[in-house]
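See below for the structure under consideration.
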Amino acid sequence: MSKEPMIKLTDMNKWFDDFHVLKNINLDVFEGEKIVICGPSGSGKSTLIRCLNQLEAHQNGKVVIDGIVLNGNLKNLQNVRKEVGMVFQHFNLFPHLSILENLTLAPQWVHKLPKEEAESYAMDLLKRVAISDQAHKYPGQLSGGQQQRVAIARSLCMKPKIMLFDEPTSALDPEMVKEVLDVMVDLTKEGMTMLCVTHEMGFAKQVADRVIFMDEGQIVEEADPETFFSNPKHPRSQEFLAQILY
Amino acid sequence: MNLKYTKNPEKRSLPLMQGLAVWMKKNLFSTPLNSAISLVLLGLLFKALGPLFYWLVVNSTWEGTAQTCRHNDGACLVFIKEKFVFILFGFYPRELLWRPVVAISLFIGLCLYSRDVKRWNKLLLWRWLKLILLCAFLLKGGLFGFEAVSMDRWGGLPLTLILAFIGLIFSYPIGILLALARTGSLPLIKALSVSYIELIRGVPMISLLFMASVMFPLFMPDGIVLPKLLRAQIAIIMFMSAYMAEVVRGGLAAVDKGQYEAADALGLMYWQKMLKVILPQALKIVIPPTVNTAIGMFKDTSLVVIIALSDLLMTTKTSLKDPKWLGFSVEAYLFAALIYFIFCFSMSRYSKRLEQVFSYGGRS
């Protein structure tokens, strides 16, 4: 494969004041790859994917997304954000807008789509995540699982090339985890490039091309899920897996 | 689904008197101690309100002259009958009085019409703009054969309403801009906004009004004289904006950080993010303090008396100086208080209603 990677991180570093959160991160992600990032709390995994759409700015090193260099240039940042969708732990739907309006807001304002077009595409996506009958309700009237599915649909409305998931199931009641994971699995079948911070090891085994294990701001181990779960090499990954898979 | 709903027994409807008895038993006389407290409080209430009732209703004088009033103990409502036109409209020419009356009626009418949020659209905005121009024309005159009335003769309720209402509609958007500047990331604009807000909040409104009336003309080029009313209006807008800015800033800080991040992640630009996502939520959160500020400002407009503008409170004071009617200040001030109360209480009730209207089906 001589193709350029979709995401290329080179010696990326980030500090929160004096705290060194990300240390010399090097990572290439190719188009269509599914990456699962795991690691103990505070290891910098969320910060890592938040750097990809610059919700957190990195301090040095190079971040290139789909050929666009993120170097503080606002125009570049805007272009990257149009291509990168993100799903949050706490959904972050806009509570003052109906479900349909949540989906059509960005396409109408960022892509300047006419309202009808944005709405018909949004309804298609809502059908796909099986919430089309709730389109005119408000986020507060939906269950957590439904809200997260809406949030996924909202990101997809922008027709992103890359989807980032920041612990999408951690804030959900246990019985709602599956409906969200089902939507995500469905998404992997379309060749979407995905980076997912999650502790759902079943999901990782099922869909990930690579699992990345982080600890203390570093990428400690990187392997295919088979190898990572059955035969982790690094002592810290072994310890972590022992703790989560009794 | 065939679910059967049973009625909450607390909510069943009883005949009025029986319902009242149940309510009193439950809320006033549930235990011996509560009964005792209730009786004491009711007694005190009676003791306090009884004399007022006698003064205002039983012994009050409705007909006659100042002499009749002085013979009786009660409230002199003849005084109010005699003076209310002056208190409400000050020195506005008597024969043209219909003009401010029509202006105020139209204003209150459109306020009532605009209560319903469903009617808020561009058309309504245009109606408001037209109304403001029409009211200004009615008060000022000077065109189409309408006799001109100098601003010095405006007074009473129209003046108070102008100062408060114009103050509000200008200071609200300015306050929002100041709050955005203060919370934004542009250092120079932020510094300007912070200094403005802190400077204005650091001085009393009276000093600002004095400056507007005494110092401001010194800065103006020769020959240009802004009317005193306009200068006071500018001072009030400047003052109110600083307070509104801080109220709005509270709302901006209260919106969940995730909302900012979600809007950023979707690629919305700053103004899109603010207008479509953040401000609608922030302004809703701060409805109570916004109305609180508006009510405070409505009453603070009475401070313009110190630069000799005859607003509602000033006309009330002036009405007391009539040699024929000396000594009825309680009646006069109660009357003025009643008018202030009607407007402030309406605002406060309306704020409550807005909060309910904008509570979008639970929270996320």
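Residue numbering restarts at 1 for every chain of the structure tokens, chains are lettered A, B, ... in their displayed order, and ligands are numbered from 1 as they appear.
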
Residue hits in chain B, query chain A, radius 12 Å, only C-alpha atoms, as a PyMOL selection string: chain B and resi 255-273+275-285+357-364

Residue set, segment 246-321 of chain B restricted to alpha helix (DSSP H), as a VMD selection string: chain B and resid 246 to 254 257 to 265 270 to 272 279 to 285 287 to 300 312 to 319

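Using only C-alpha atoms, the nearest neighbour of Lys178 of chain A within the list A:Lys45, A:Leu125, A:Gly145, A:Leu195 is A:Gly145.
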
Computed interatomic separation between atom CA of Tyr333 of chain B and atom CA of Thr316 of chain B (Å):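 Value for the atom CA of Tyr333 of chain B-atom CA of Thr316 of chain B distance: 6.9 Å.
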
Shell around segment 130-145 of chain B at 7 Å using only C-alpha atoms, local window under 6 positions removed, as a ChimeraX atom specification: /B:99-100,103

Straight-line distance linking atom CA of Ile237 of chain B with atom CA of Thr301 of chain B, stated in Å to one decimal: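 Between atom CA of Ile237 of chain B and atom CA of Thr301 of chain B the gap works out to 10.7 Å.
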
Length of the atom CA of Thr198 of chain A to atom CA of Leu100 of chain A vector [Å]: 27.4 Å
